[in-house]
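Trainee: Data: my_file.cif, mmCIF, N, CA and C atoms and all ligand atoms.
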```cif
data_final
loop_
_atom_site.label_atom_id
_atom_site.label_comp_id
_atom_site.auth_asym_id
_atom_site.auth_seq_id
_atom_site.Cartn_x
_atom_site.Cartn_y
_atom_site.Cartn_z
N ALA Q 1 39.43 82.79 -1.69
CA ALA Q 1 39.54 81.93 -2.87
C ALA Q 1 38.22 81.23 -3.16
N ALA Q 2 37.52 80.84 -2.07
CA ALA Q 2 36.23 80.15 -2.24
C ALA Q 2 35.20 81.06 -2.89
N ASN Q 3 35.28 82.37 -2.57
CA ASN Q 3 34.36 83.32 -3.20
C ASN Q 3 34.48 83.31 -4.71
N ARG Q 4 35.69 83.19 -5.16
CA ARG Q 4 35.96 83.17 -6.60
C ARG Q 4 35.30 81.95 -7.24
N ILE Q 5 35.39 80.81 -6.53
CA ILE Q 5 34.78 79.58 -7.04
C ILE Q 5 33.25 79.73 -7.06
N ALA Q 6 32.71 80.30 -5.97
CA ALA Q 6 31.26 80.50 -5.88
C ALA Q 6 30.78 81.41 -7.01
N GLU Q 7 31.60 82.42 -7.32
CA GLU Q 7 31.28 83.35 -8.41
C GLU Q 7 31.10 82.59 -9.73
N ILE Q 8 31.98 81.63 -9.96
CA ILE Q 8 31.90 80.86 -11.20
C ILE Q 8 30.65 79.96 -11.19
N PHE Q 9 30.40 79.31 -10.05
CA PHE Q 9 29.20 78.46 -9.96
C PHE Q 9 27.92 79.27 -10.14
N ASP Q 10 27.94 80.52 -9.66
CA ASP Q 10 26.73 81.35 -9.69
C ASP Q 10 26.54 82.08 -11.02
N SER Q 11 27.53 82.03 -11.89
CA SER Q 11 27.39 82.79 -13.14
C SER Q 11 26.28 82.18 -13.99
N PRO Q 12 25.48 83.06 -14.63
CA PRO Q 12 24.35 82.55 -15.42
C PRO Q 12 24.82 81.74 -16.62
N ILE Q 13 24.07 80.69 -16.93
CA ILE Q 13 24.40 79.86 -18.09
C ILE Q 13 23.68 80.47 -19.29
N ASP Q 14 24.43 80.95 -20.28
CA ASP Q 14 23.74 81.60 -21.39
C ASP Q 14 23.69 80.74 -22.65
N ILE Q 15 24.16 79.49 -22.55
CA ILE Q 15 23.99 78.57 -23.67
C ILE Q 15 22.75 77.73 -23.36
N ALA Q 16 21.64 78.00 -24.05
CA ALA Q 16 20.37 77.35 -23.74
C ALA Q 16 20.23 76.03 -24.49
N ASP Q 17 19.65 75.07 -23.80
CA ASP Q 17 19.37 73.74 -24.36
C ASP Q 17 18.32 73.85 -25.46
N GLY Q 18 18.52 73.18 -26.58
CA GLY Q 18 17.51 73.14 -27.63
C GLY Q 18 16.50 72.03 -27.38
N PRO Q 19 15.34 72.07 -28.07
CA PRO Q 19 14.28 71.10 -27.81
C PRO Q 19 14.46 69.74 -28.48
N VAL Q 20 15.31 69.65 -29.52
CA VAL Q 20 15.37 68.42 -30.31
C VAL Q 20 16.31 67.40 -29.66
N SER Q 21 15.76 66.22 -29.35
CA SER Q 21 16.59 65.20 -28.69
C SER Q 21 16.89 64.02 -29.62
N GLN Q 22 16.62 64.24 -30.92
CA GLN Q 22 16.91 63.20 -31.91
C GLN Q 22 18.33 63.42 -32.45
N ALA Q 23 19.17 62.38 -32.35
CA ALA Q 23 20.56 62.52 -32.77
C ALA Q 23 20.68 62.70 -34.27
N PRO Q 24 21.59 63.58 -34.73
CA PRO Q 24 21.80 63.72 -36.17
C PRO Q 24 22.33 62.41 -36.77
N ARG Q 25 21.91 62.10 -38.00
CA ARG Q 25 22.25 60.82 -38.59
C ARG Q 25 23.47 60.88 -39.53
N GLY Q 26 23.38 61.77 -40.52
CA GLY Q 26 24.40 61.77 -41.57
C GLY Q 26 25.72 62.41 -41.16
N GLY Q 27 25.63 63.58 -40.55
CA GLY Q 27 26.82 64.30 -40.13
C GLY Q 27 27.32 65.31 -41.14
N ARG Q 28 26.39 65.87 -41.93
CA ARG Q 28 26.79 66.93 -42.87
C ARG Q 28 26.85 68.25 -42.08
N LEU Q 29 28.03 68.85 -42.12
CA LEU Q 29 28.25 70.07 -41.35
C LEU Q 29 28.25 71.27 -42.29
N GLU Q 30 27.49 72.28 -41.93
CA GLU Q 30 27.44 73.48 -42.77
C GLU Q 30 27.56 74.74 -41.92
N LEU Q 31 28.46 75.62 -42.32
CA LEU Q 31 28.58 76.92 -41.68
C LEU Q 31 28.07 77.96 -42.65
N ARG Q 32 27.06 78.71 -42.24
CA ARG Q 32 26.46 79.73 -43.08
C ARG Q 32 26.78 81.11 -42.54
N ASP Q 33 27.67 81.78 -43.21
CA ASP Q 33 28.00 83.17 -42.89
C ASP Q 33 28.26 83.37 -41.38
N VAL Q 34 29.06 82.45 -40.83
CA VAL Q 34 29.29 82.46 -39.39
C VAL Q 34 30.22 83.61 -38.98
N GLY Q 35 29.80 84.32 -37.97
CA GLY Q 35 30.63 85.37 -37.38
C GLY Q 35 30.63 85.22 -35.87
N PHE Q 36 31.75 85.57 -35.26
CA PHE Q 36 31.82 85.50 -33.79
C PHE Q 36 32.69 86.61 -33.26
N LYS Q 37 32.18 87.29 -32.22
CA LYS Q 37 33.05 88.20 -31.47
C LYS Q 37 32.81 87.99 -29.98
N PHE Q 38 33.87 88.11 -29.22
CA PHE Q 38 33.76 87.95 -27.78
C PHE Q 38 33.00 89.14 -27.21
N PRO Q 39 32.19 88.91 -26.16
CA PRO Q 39 31.51 90.03 -25.52
C PRO Q 39 32.53 91.03 -25.02
N ASP Q 40 32.19 92.32 -25.12
CA ASP Q 40 33.13 93.39 -24.75
C ASP Q 40 33.57 93.26 -23.31
N GLU Q 41 32.59 92.95 -22.44
CA GLU Q 41 32.89 92.92 -21.02
C GLU Q 41 33.85 91.77 -20.72
N GLY Q 42 34.98 92.13 -20.12
CA GLY Q 42 35.94 91.11 -19.73
C GLY Q 42 36.72 90.54 -20.91
N ALA Q 43 36.48 91.05 -22.10
CA ALA Q 43 37.19 90.54 -23.27
C ALA Q 43 38.67 90.88 -23.14
N ARG Q 44 39.46 89.90 -23.52
CA ARG Q 44 40.90 90.09 -23.48
C ARG Q 44 41.27 91.18 -24.50
N ALA Q 45 42.21 92.03 -24.11
CA ALA Q 45 42.61 93.11 -25.02
C ALA Q 45 43.23 92.51 -26.29
N ARG Q 46 42.72 92.94 -27.40
CA ARG Q 46 43.25 92.45 -28.68
C ARG Q 46 43.63 93.65 -29.53
N PRO Q 47 44.57 93.49 -30.43
CA PRO Q 47 44.91 94.61 -31.29
C PRO Q 47 43.66 95.07 -32.05
N GLY Q 48 43.43 96.37 -32.05
CA GLY Q 48 42.26 96.88 -32.75
C GLY Q 48 41.05 97.01 -31.84
N GLY Q 49 41.16 96.55 -30.60
CA GLY Q 49 40.08 96.74 -29.64
C GLY Q 49 39.10 95.58 -29.61
N PRO Q 50 38.24 95.56 -28.58
CA PRO Q 50 37.36 94.42 -28.33
C PRO Q 50 36.24 94.30 -29.36
N ASP Q 51 36.04 95.32 -30.21
CA ASP Q 51 34.98 95.26 -31.20
C ASP Q 51 35.34 94.39 -32.40
N ASN Q 52 36.60 94.00 -32.44
CA ASN Q 52 37.06 93.18 -33.56
C ASN Q 52 36.37 91.83 -33.59
N TRP Q 53 35.99 91.41 -34.77
CA TRP Q 53 35.41 90.09 -34.91
C TRP Q 53 36.53 89.05 -34.91
N ALA Q 54 36.33 87.95 -34.16
CA ALA Q 54 37.30 86.85 -34.20
C ALA Q 54 37.11 86.07 -35.49
N LEU Q 55 35.85 85.99 -35.93
CA LEU Q 55 35.52 85.31 -37.19
C LEU Q 55 34.41 86.09 -37.88
N ARG Q 56 34.43 86.09 -39.18
CA ARG Q 56 33.35 86.77 -39.90
C ARG Q 56 33.19 86.13 -41.27
N HIS Q 57 31.94 85.96 -41.69
CA HIS Q 57 31.60 85.45 -43.04
C HIS Q 57 32.28 84.12 -43.36
N VAL Q 58 32.18 83.17 -42.42
CA VAL Q 58 32.75 81.85 -42.67
C VAL Q 58 31.67 80.96 -43.28
N ASN Q 59 31.92 80.50 -44.49
CA ASN Q 59 30.99 79.62 -45.19
C ASN Q 59 31.72 78.34 -45.58
N VAL Q 60 31.28 77.21 -45.02
CA VAL Q 60 31.93 75.94 -45.28
C VAL Q 60 30.88 74.83 -45.28
N VAL Q 61 31.05 73.86 -46.16
CA VAL Q 61 30.25 72.63 -46.08
C VAL Q 61 31.22 71.47 -45.99
N VAL Q 62 31.02 70.60 -44.99
CA VAL Q 62 31.81 69.37 -44.87
C VAL Q 62 30.84 68.21 -44.97
N GLU Q 63 30.98 67.45 -46.05
CA GLU Q 63 30.09 66.32 -46.27
C GLU Q 63 30.49 65.16 -45.36
N PRO Q 64 29.54 64.25 -45.04
CA PRO Q 64 29.88 63.08 -44.22
C PRO Q 64 31.05 62.33 -44.84
N GLY Q 65 32.02 61.95 -44.03
CA GLY Q 65 33.18 61.21 -44.52
C GLY Q 65 34.30 62.10 -45.00
N GLN Q 66 34.01 63.36 -45.20
CA GLN Q 66 35.05 64.29 -45.64
C GLN Q 66 35.87 64.75 -44.43
N THR Q 67 37.14 65.04 -44.68
CA THR Q 67 38.01 65.58 -43.63
C THR Q 67 38.42 66.99 -44.02
N LEU Q 68 38.31 67.89 -43.08
CA LEU Q 68 38.70 69.27 -43.34
C LEU Q 68 39.81 69.66 -42.37
N ALA Q 69 40.92 70.15 -42.90
CA ALA Q 69 41.99 70.67 -42.05
C ALA Q 69 41.93 72.19 -42.12
N LEU Q 70 41.99 72.79 -40.95
CA LEU Q 70 41.91 74.25 -40.86
C LEU Q 70 43.31 74.74 -40.51
N VAL Q 71 43.89 75.52 -41.39
CA VAL Q 71 45.27 75.97 -41.20
C VAL Q 71 45.29 77.49 -41.15
N GLY Q 72 46.02 78.04 -40.19
CA GLY Q 72 46.09 79.49 -40.13
C GLY Q 72 47.05 79.94 -39.05
N ALA Q 73 47.42 81.20 -39.11
CA ALA Q 73 48.37 81.76 -38.15
C ALA Q 73 47.80 81.71 -36.73
N THR Q 74 48.67 81.77 -35.75
CA THR Q 74 48.25 81.84 -34.35
C THR Q 74 47.35 83.07 -34.17
N GLY Q 75 46.20 82.86 -33.54
CA GLY Q 75 45.29 83.96 -33.31
C GLY Q 75 44.32 84.22 -34.44
N SER Q 76 44.33 83.35 -35.45
CA SER Q 76 43.45 83.59 -36.61
C SER Q 76 42.03 83.07 -36.37
N GLY Q 77 41.82 82.33 -35.28
CA GLY Q 77 40.45 81.93 -34.94
C GLY Q 77 40.14 80.46 -35.08
N LYS Q 78 41.15 79.62 -35.23
CA LYS Q 78 40.92 78.17 -35.38
C LYS Q 78 40.27 77.57 -34.14
N SER Q 79 40.82 77.87 -32.98
CA SER Q 79 40.27 77.31 -31.74
C SER Q 79 38.87 77.84 -31.45
N VAL Q 80 38.67 79.12 -31.73
CA VAL Q 80 37.35 79.72 -31.52
C VAL Q 80 36.32 79.01 -32.41
N LEU Q 81 36.68 78.76 -33.64
CA LEU Q 81 35.77 78.07 -34.56
C LEU Q 81 35.45 76.67 -34.03
N ALA Q 82 36.46 75.97 -33.55
CA ALA Q 82 36.24 74.61 -33.03
C ALA Q 82 35.31 74.63 -31.83
N ALA Q 83 35.41 75.70 -31.02
CA ALA Q 83 34.57 75.80 -29.82
C ALA Q 83 33.10 76.04 -30.17
N LEU Q 84 32.84 76.56 -31.37
CA LEU Q 84 31.45 76.85 -31.76
C LEU Q 84 30.67 75.58 -32.06
N PHE Q 85 31.37 74.52 -32.51
CA PHE Q 85 30.67 73.28 -32.91
C PHE Q 85 30.00 72.60 -31.73
N SER Q 86 30.64 72.65 -30.56
CA SER Q 86 30.02 72.02 -29.39
C SER Q 86 29.30 73.06 -28.53
N ARG Q 87 29.16 74.27 -29.07
CA ARG Q 87 28.46 75.37 -28.39
C ARG Q 87 29.08 75.72 -27.04
N LEU Q 88 30.40 75.75 -26.98
CA LEU Q 88 31.04 76.36 -25.82
C LEU Q 88 30.80 77.86 -25.91
N TYR Q 89 30.73 78.35 -27.14
CA TYR Q 89 30.25 79.69 -27.45
C TYR Q 89 29.18 79.56 -28.53
N ASP Q 90 28.24 80.50 -28.57
CA ASP Q 90 27.29 80.56 -29.68
C ASP Q 90 27.76 81.57 -30.71
N VAL Q 91 27.42 81.31 -31.97
CA VAL Q 91 27.77 82.24 -33.03
C VAL Q 91 27.15 83.61 -32.73
N THR Q 92 27.82 84.67 -33.12
CA THR Q 92 27.27 86.01 -32.98
C THR Q 92 26.34 86.31 -34.14
N GLU Q 93 26.71 85.81 -35.31
CA GLU Q 93 25.82 85.90 -36.47
C GLU Q 93 26.00 84.66 -37.34
N GLY Q 94 25.04 84.42 -38.21
CA GLY Q 94 25.09 83.23 -39.06
C GLY Q 94 24.58 82.00 -38.34
N GLN Q 95 24.85 80.85 -38.93
CA GLN Q 95 24.30 79.59 -38.42
C GLN Q 95 25.28 78.46 -38.61
N ILE Q 96 25.27 77.50 -37.68
CA ILE Q 96 25.97 76.24 -37.87
C ILE Q 96 24.91 75.15 -37.92
N LEU Q 97 24.93 74.35 -38.99
CA LEU Q 97 23.92 73.31 -39.15
C LEU Q 97 24.56 71.93 -39.24
N ILE Q 98 23.95 70.96 -38.59
CA ILE Q 98 24.31 69.56 -38.77
C ILE Q 98 23.11 68.88 -39.39
N ASP Q 99 23.30 68.28 -40.57
CA ASP Q 99 22.21 67.66 -41.32
C ASP Q 99 21.05 68.63 -41.50
N GLY Q 100 21.39 69.87 -41.78
CA GLY Q 100 20.38 70.87 -42.10
C GLY Q 100 19.69 71.50 -40.90
N ARG Q 101 20.06 71.06 -39.70
CA ARG Q 101 19.42 71.60 -38.51
C ARG Q 101 20.38 72.50 -37.74
N ASP Q 102 19.91 73.68 -37.37
CA ASP Q 102 20.71 74.61 -36.58
C ASP Q 102 21.07 73.91 -35.25
N ILE Q 103 22.35 73.93 -34.90
CA ILE Q 103 22.77 73.19 -33.70
C ILE Q 103 22.14 73.76 -32.42
N ARG Q 104 21.63 74.98 -32.48
CA ARG Q 104 20.97 75.55 -31.30
C ARG Q 104 19.61 74.91 -31.03
N GLU Q 105 19.09 74.17 -32.04
CA GLU Q 105 17.81 73.47 -31.85
C GLU Q 105 18.00 72.13 -31.14
N LEU Q 106 19.24 71.64 -31.13
CA LEU Q 106 19.50 70.33 -30.52
C LEU Q 106 19.67 70.47 -29.01
N SER Q 107 19.30 69.42 -28.29
CA SER Q 107 19.59 69.43 -26.85
C SER Q 107 21.11 69.31 -26.70
N LEU Q 108 21.64 69.86 -25.64
CA LEU Q 108 23.10 69.87 -25.48
C LEU Q 108 23.69 68.46 -25.39
N PRO Q 109 23.05 67.52 -24.66
CA PRO Q 109 23.62 66.16 -24.64
C PRO Q 109 23.69 65.53 -26.03
N VAL Q 110 22.66 65.75 -26.84
CA VAL Q 110 22.64 65.19 -28.20
C VAL Q 110 23.74 65.84 -29.04
N LEU Q 111 23.86 67.15 -28.96
CA LEU Q 111 24.90 67.84 -29.73
C LEU Q 111 26.29 67.36 -29.32
N ARG Q 112 26.48 67.23 -28.01
CA ARG Q 112 27.82 66.91 -27.53
C ARG Q 112 28.16 65.43 -27.66
N GLN Q 113 27.14 64.61 -28.01
CA GLN Q 113 27.44 63.25 -28.39
C GLN Q 113 27.85 63.19 -29.86
N ALA Q 114 27.36 64.15 -30.62
CA ALA Q 114 27.65 64.17 -32.06
C ALA Q 114 28.99 64.86 -32.35
N VAL Q 115 29.43 65.75 -31.46
CA VAL Q 115 30.65 66.52 -31.69
C VAL Q 115 31.69 66.12 -30.65
N ALA Q 116 32.84 65.67 -31.10
CA ALA Q 116 33.91 65.30 -30.18
C ALA Q 116 35.11 66.22 -30.41
N THR Q 117 35.81 66.52 -29.34
CA THR Q 117 36.99 67.38 -29.43
C THR Q 117 38.19 66.66 -28.83
N ALA Q 118 39.27 66.57 -29.60
CA ALA Q 118 40.53 66.04 -29.07
C ALA Q 118 41.45 67.22 -28.84
N PHE Q 119 41.90 67.39 -27.63
CA PHE Q 119 42.69 68.57 -27.29
C PHE Q 119 44.16 68.39 -27.65
N GLU Q 120 44.82 69.53 -27.83
CA GLU Q 120 46.26 69.51 -28.14
C GLU Q 120 47.07 68.95 -26.98
N ASP Q 121 46.67 69.34 -25.76
CA ASP Q 121 47.44 68.93 -24.58
C ASP Q 121 46.69 67.82 -23.86
N PRO Q 122 47.34 66.66 -23.65
CA PRO Q 122 46.68 65.62 -22.89
C PRO Q 122 46.66 65.99 -21.41
N THR Q 123 45.57 65.66 -20.73
CA THR Q 123 45.47 65.92 -19.30
C THR Q 123 45.54 64.58 -18.58
N LEU Q 124 46.52 64.43 -17.72
CA LEU Q 124 46.65 63.19 -16.96
C LEU Q 124 46.58 63.51 -15.47
N PHE Q 125 45.84 62.71 -14.74
CA PHE Q 125 45.78 62.88 -13.30
C PHE Q 125 46.76 61.92 -12.66
N SER Q 126 47.22 62.26 -11.46
CA SER Q 126 48.24 61.43 -10.82
C SER Q 126 47.58 60.18 -10.23
N MET Q 127 47.29 59.26 -11.12
CA MET Q 127 46.73 57.96 -10.75
C MET Q 127 47.21 56.99 -11.83
N SER Q 128 46.76 55.76 -11.79
CA SER Q 128 47.26 54.79 -12.76
C SER Q 128 46.73 55.10 -14.16
N VAL Q 129 47.39 54.54 -15.17
CA VAL Q 129 46.94 54.71 -16.55
C VAL Q 129 45.51 54.19 -16.68
N ALA Q 130 45.26 53.01 -16.10
CA ALA Q 130 43.91 52.42 -16.18
C ALA Q 130 42.87 53.36 -15.60
N GLU Q 131 43.20 53.96 -14.44
CA GLU Q 131 42.24 54.88 -13.80
C GLU Q 131 42.03 56.12 -14.65
N ASN Q 132 43.10 56.63 -15.28
CA ASN Q 132 42.98 57.78 -16.17
C ASN Q 132 42.05 57.46 -17.34
N LEU Q 133 42.20 56.26 -17.91
CA LEU Q 133 41.37 55.86 -19.04
C LEU Q 133 39.91 55.72 -18.62
N ARG Q 134 39.69 55.17 -17.43
CA ARG Q 134 38.32 54.91 -16.98
C ARG Q 134 37.57 56.19 -16.64
N LEU Q 135 38.29 57.27 -16.39
CA LEU Q 135 37.63 58.54 -16.05
C LEU Q 135 36.63 58.96 -17.11
N GLY Q 136 37.01 58.71 -18.37
CA GLY Q 136 36.15 59.13 -19.46
C GLY Q 136 34.79 58.43 -19.41
N1 LIG Q 201 38.50 84.18 -24.21
C1 LIG Q 201 38.83 85.11 -25.11
N2 LIG Q 201 38.44 86.40 -24.96
C2 LIG Q 201 38.75 87.36 -25.88
N3 LIG Q 201 39.45 87.11 -27.01
C3 LIG Q 201 39.87 85.85 -27.23
C4 LIG Q 201 39.59 84.77 -26.30
N4 LIG Q 201 40.12 83.62 -26.81
C5 LIG Q 201 40.71 83.95 -27.97
N5 LIG Q 201 40.56 85.28 -28.24
C6 LIG Q 201 41.03 86.00 -29.44
O1 LIG Q 201 40.35 85.48 -30.58
C7 LIG Q 201 41.24 85.40 -31.69
C8 LIG Q 201 41.30 83.97 -32.22
O2 LIG Q 201 41.94 83.16 -31.25
P1 LIG Q 201 42.13 81.59 -31.42
O3 LIG Q 201 40.89 80.98 -31.99
O4 LIG Q 201 42.60 81.07 -30.11
O5 LIG Q 201 43.28 81.50 -32.51
P2 LIG Q 201 44.05 80.19 -33.06
O6 LIG Q 201 43.46 78.97 -32.40
O7 LIG Q 201 43.84 80.23 -34.54
O8 LIG Q 201 45.49 80.40 -32.70
C9 LIG Q 201 42.58 85.93 -31.19
O9 LIG Q 201 42.67 87.29 -31.55
C10 LIG Q 201 42.50 85.75 -29.70
O10 LIG Q 201 43.29 86.69 -29.02
MG MG Q 202 44.31 77.46 -31.23
#
```
Show me the file's structure as structure tokens.
Mentor:
Amino acid sequence: AANRIAEIFDSPIDIADGPVSQAPRGGRLELRDVGFKFPDEGARARPGGPDNWALRHVNVVVEPGQTLALVGATGSGKSVLAALFSRLYDVTEGQILIDGRDIRELSLPVLRQAVATAFEDPTLFSMSVAENLRLG
């Protein structure tokens, strides 16, 4: 079992840190012709085969203060799209920009301070409520 853990620790990190450490100010989000497909290797079997794009040709602008709700069938790519904003995955094609800057140019700490994710399932550890809150 420990080998499996070591395997994960040893896996190469392919999301590279960008050089810009200046935090985005306005928060204008733009998706330019964004496409994403999972790498073939180890890709979960999907109808139509692993070459299928999870997302393709997504063009959206969200102005500061605007709220966008993304609605779609299960498996349509909502979660995958959300994962692209904090660069858990990188786009396969196209660009994601915050205030006109490609998010790949930002350092990861700066990007991840600008992008927050609230998960569907709350995770609680078996400790007090106060301790759970303080973990963050
Ligand atoms: N880790 C993964 N590897 C391969 N395919 C995946 C992975 N995660 C999701 N997918 C596939 O990508 C597509 C979009 O999934 P997802 O974004 O989770 O949909 P939604 O959140 O809209 O229900 C689905 O076809 C799903 O099977
Ligand atoms: Mg989802």
Trainee: From the DSSP assignment of the backbone, select every residue of chain Q that is strand (DSSP E or B), and format the answer as a ChimeraX atom specification.
Mentor: /Q:20,29-36,55-62,93-98,101-102,106
Trainee: Taking the chain letters and numbering used in this document, name the residues of range 4-124 of chain Q that DSSP puts in alpha helix (DSSP H), as a VMD selection string.
Mentor: chain Q and resid 4 to 10 78 to 85 108 to 114
Trainee: Smallest atom-to-atom distance to ligand MG 202 (chain Q): which of Q:Asn132, Q:Phe125, Q:Phe85, Q:Ala73, using only N, CA and C atoms and all ligand atoms?
Mentor: Q:Ala73
Trainee: What is the distance between CA of Asp40 in chain Q and CA of Arg87 in chain Q, in Å to one decimal?
Mentor: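 So the two atoms, CA of Asp40 in chain Q and CA of Arg87 in chain Q, lie 19.0 Å apart.
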Trainee: For ligand MG 202 (chain Q), which residue among Q:Lys37, Q:Arg4, Q:Arg104, Q:Lys78 is the nearest when counting all atoms listed in the file?
Mentor: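 Of Q:Lys37, Q:Arg4, Q:Arg104, Q:Lys78, the one nearest ligand MG 202 (chain Q) is Q:Lys78, counting all atoms listed in the file.
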Trainee: Which residues, written as a list of chain:residue names, have at least one atom at most 12 Å from Ala82 in chain Q, with only C-alpha atoms counted and residues fewer than 5 positions away on the same chain left out?
Mentor: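 Final neighbour list, sorted by chain and number: Q:Leu31, Q:Phe36, Q:Leu55, Q:Leu68, Q:Ala69, Q:Leu70, Q:Gly77, Q:Arg87, Q:Leu88, Q:Tyr89, Q:Asp90, Q:Val91, Q:Ile96, Q:Val115, Q:Ala116, Q:Thr117, Q:Ala118, Q:Phe119.
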Trainee: Taking a cut-off of 8 Å and counting only N, CA and C atoms, can you build a table that, for each residue of range 54-121 of chain Q near range 17-28 of chain Q, reports the nearest atom pair and how far apart they are in Å (one decimal), sorted by chain then residue number, as a Markdown table?
Mentor:
```
| residue | atom | partner | partner_atom | distance |
| --- | --- | --- | --- | --- |
| Q:Val61 | C | Q:Arg28 | C | 6.7 |
| Q:Val62 | C | Q:Arg28 | CA | 4.7 |
| Q:Glu63 | CA | Q:Arg28 | CA | 4.8 |
| Q:Pro64 | N | Q:Arg28 | CA | 4.4 |
| Q:Gly65 | N | Q:Gly27 | C | 6.5 |
| Q:Leu97 | C | Q:Arg28 | C | 5.2 |
| Q:Ile98 | CA | Q:Arg28 | C | 4.4 |
| Q:Asp99 | N | Q:Arg28 | C | 3.9 |
| Q:Gly100 | N | Q:Arg28 | C | 5.7 |
| Q:Arg101 | N | Q:Arg28 | C | 7.7 |
| Q:Ile103 | C | Q:Gly18 | CA | 6.7 |
| Q:Arg104 | C | Q:Gly18 | CA | 4.4 |
| Q:Glu105 | C | Q:Gly18 | CA | 3.7 |
| Q:Leu106 | C | Q:Gly18 | CA | 3.7 |
| Q:Ser107 | N | Q:Val20 | C | 3.9 |
| Q:Leu108 | N | Q:Gly18 | N | 4.7 |
| Q:Pro109 | N | Q:Asp17 | CA | 7.2 |
| Q:Val110 | CA | Q:Ala23 | CA | 5.7 |
| Q:Leu111 | N | Q:Ala23 | CA | 6.8 |
| Q:Gln113 | C | Q:Ala23 | CA | 7.9 |
| Q:Ala114 | CA | Q:Pro24 | N | 6.6 |
```
Trainee: Given the choices Q:Ala54, Q:Leu124, Q:Val60, Q:Leu135, which gets closest to ligand LIG 201 (chain Q) if the distance is worked out from only N, CA and C atoms and all ligand atoms?
Mentor: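 Residue with the minimum atom-to-atom distance to ligand LIG 201 (chain Q): Q:Ala54.
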Trainee: For the atom pair atom C10 of ligand LIG 201 (chain Q) and atom C of Pro39 in chain Q, what is the interatomic distance in Å to one decimal place?
Mentor: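 For atom C10 of ligand LIG 201 (chain Q) relative to atom C of Pro39 in chain Q, the distance reads 12.2 Å.
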Trainee: How far is it from atom P2 of ligand LIG 201 (chain Q) to atom C of Asp10 in chain Q, in Å with one decimal?
Mentor: 28.2 Å
Trainee: Which residues sit within 6 Å of ligand LIG 201 (chain Q), counting all atoms listed in the file, listed as a list in words?
Mentor: Phe38, Ala43, Arg44, Arg46, Ala54, Gly72, Ala73, Thr74, Gly75, Ser76, Gly77, Lys78, Ser79, Val80 and Leu81 of chain Q
Trainee: Could you check which of Q:Leu133, Q:Met127, Q:Ala83, Q:Leu29 is closest to ligand MG 202 (chain Q), using only C-alpha atoms and all ligand atoms?
Mentor: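 Closest candidate: Q:Ala83.
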Trainee: For range 64-68 of chain Q, supply all heavy atoms and report the output as a PDB file, in the frame of the given file.
Mentor:
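Produced file selection09.pdb, reproduced below:
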```pdb
ATOM      1  N   PRO Q  64      29.540  64.250 -45.040  1.00  0.00           N
ATOM      2  CA  PRO Q  64      29.880  63.080 -44.220  1.00  0.00           C
ATOM      3  C   PRO Q  64      31.050  62.330 -44.840  1.00  0.00           C
ATOM      4  O   PRO Q  64      31.104  62.123 -46.049  1.00  0.00           O
ATOM      5  CB  PRO Q  64      28.610  62.236 -44.256  1.00  0.00           C
ATOM      6  CG  PRO Q  64      27.516  63.200 -44.532  1.00  0.00           C
ATOM      7  CD  PRO Q  64      28.113  64.273 -45.392  1.00  0.00           C
ATOM      8  N   GLY Q  65      32.020  61.950 -44.030  1.00  0.00           N
ATOM      9  CA  GLY Q  65      33.180  61.210 -44.520  1.00  0.00           C
ATOM     10  C   GLY Q  65      34.300  62.100 -45.000  1.00  0.00           C
ATOM     11  O   GLY Q  65      35.426  61.634 -45.177  1.00  0.00           O
ATOM     12  N   GLN Q  66      34.010  63.360 -45.200  1.00  0.00           N
ATOM     13  CA  GLN Q  66      35.050  64.290 -45.640  1.00  0.00           C
ATOM     14  C   GLN Q  66      35.870  64.750 -44.430  1.00  0.00           C
ATOM     15  O   GLN Q  66      35.352  64.848 -43.319  1.00  0.00           O
ATOM     16  CB  GLN Q  66      34.397  65.525 -46.258  1.00  0.00           C
ATOM     17  CG  GLN Q  66      34.787  65.767 -47.684  1.00  0.00           C
ATOM     18  CD  GLN Q  66      34.225  67.085 -48.200  1.00  0.00           C
ATOM     19  OE1 GLN Q  66      33.405  67.749 -47.580  1.00  0.00           O
ATOM     20  NE2 GLN Q  66      34.677  67.450 -49.379  1.00  0.00           N
ATOM     21  N   THR Q  67      37.140  65.040 -44.680  1.00  0.00           N
ATOM     22  CA  THR Q  67      38.010  65.580 -43.630  1.00  0.00           C
ATOM     23  C   THR Q  67      38.420  66.990 -44.020  1.00  0.00           C
ATOM     24  O   THR Q  67      38.805  67.230 -45.154  1.00  0.00           O
ATOM     25  CB  THR Q  67      39.271  64.703 -43.467  1.00  0.00           C
ATOM     26  OG1 THR Q  67      38.858  63.374 -43.141  1.00  0.00           O
ATOM     27  CG2 THR Q  67      40.170  65.235 -42.359  1.00  0.00           C
ATOM     28  N   LEU Q  68      38.310  67.890 -43.080  1.00  0.00           N
ATOM     29  CA  LEU Q  68      38.700  69.270 -43.340  1.00  0.00           C
ATOM     30  C   LEU Q  68      39.810  69.660 -42.370  1.00  0.00           C
ATOM     31  O   LEU Q  68      39.670  69.492 -41.166  1.00  0.00           O
ATOM     32  CB  LEU Q  68      37.501  70.211 -43.145  1.00  0.00           C
ATOM     33  CG  LEU Q  68      37.798  71.705 -43.243  1.00  0.00           C
ATOM     34  CD1 LEU Q  68      37.964  72.124 -44.692  1.00  0.00           C
ATOM     35  CD2 LEU Q  68      36.706  72.512 -42.582  1.00  0.00           C
TER      36      LEU Q  68
END
```
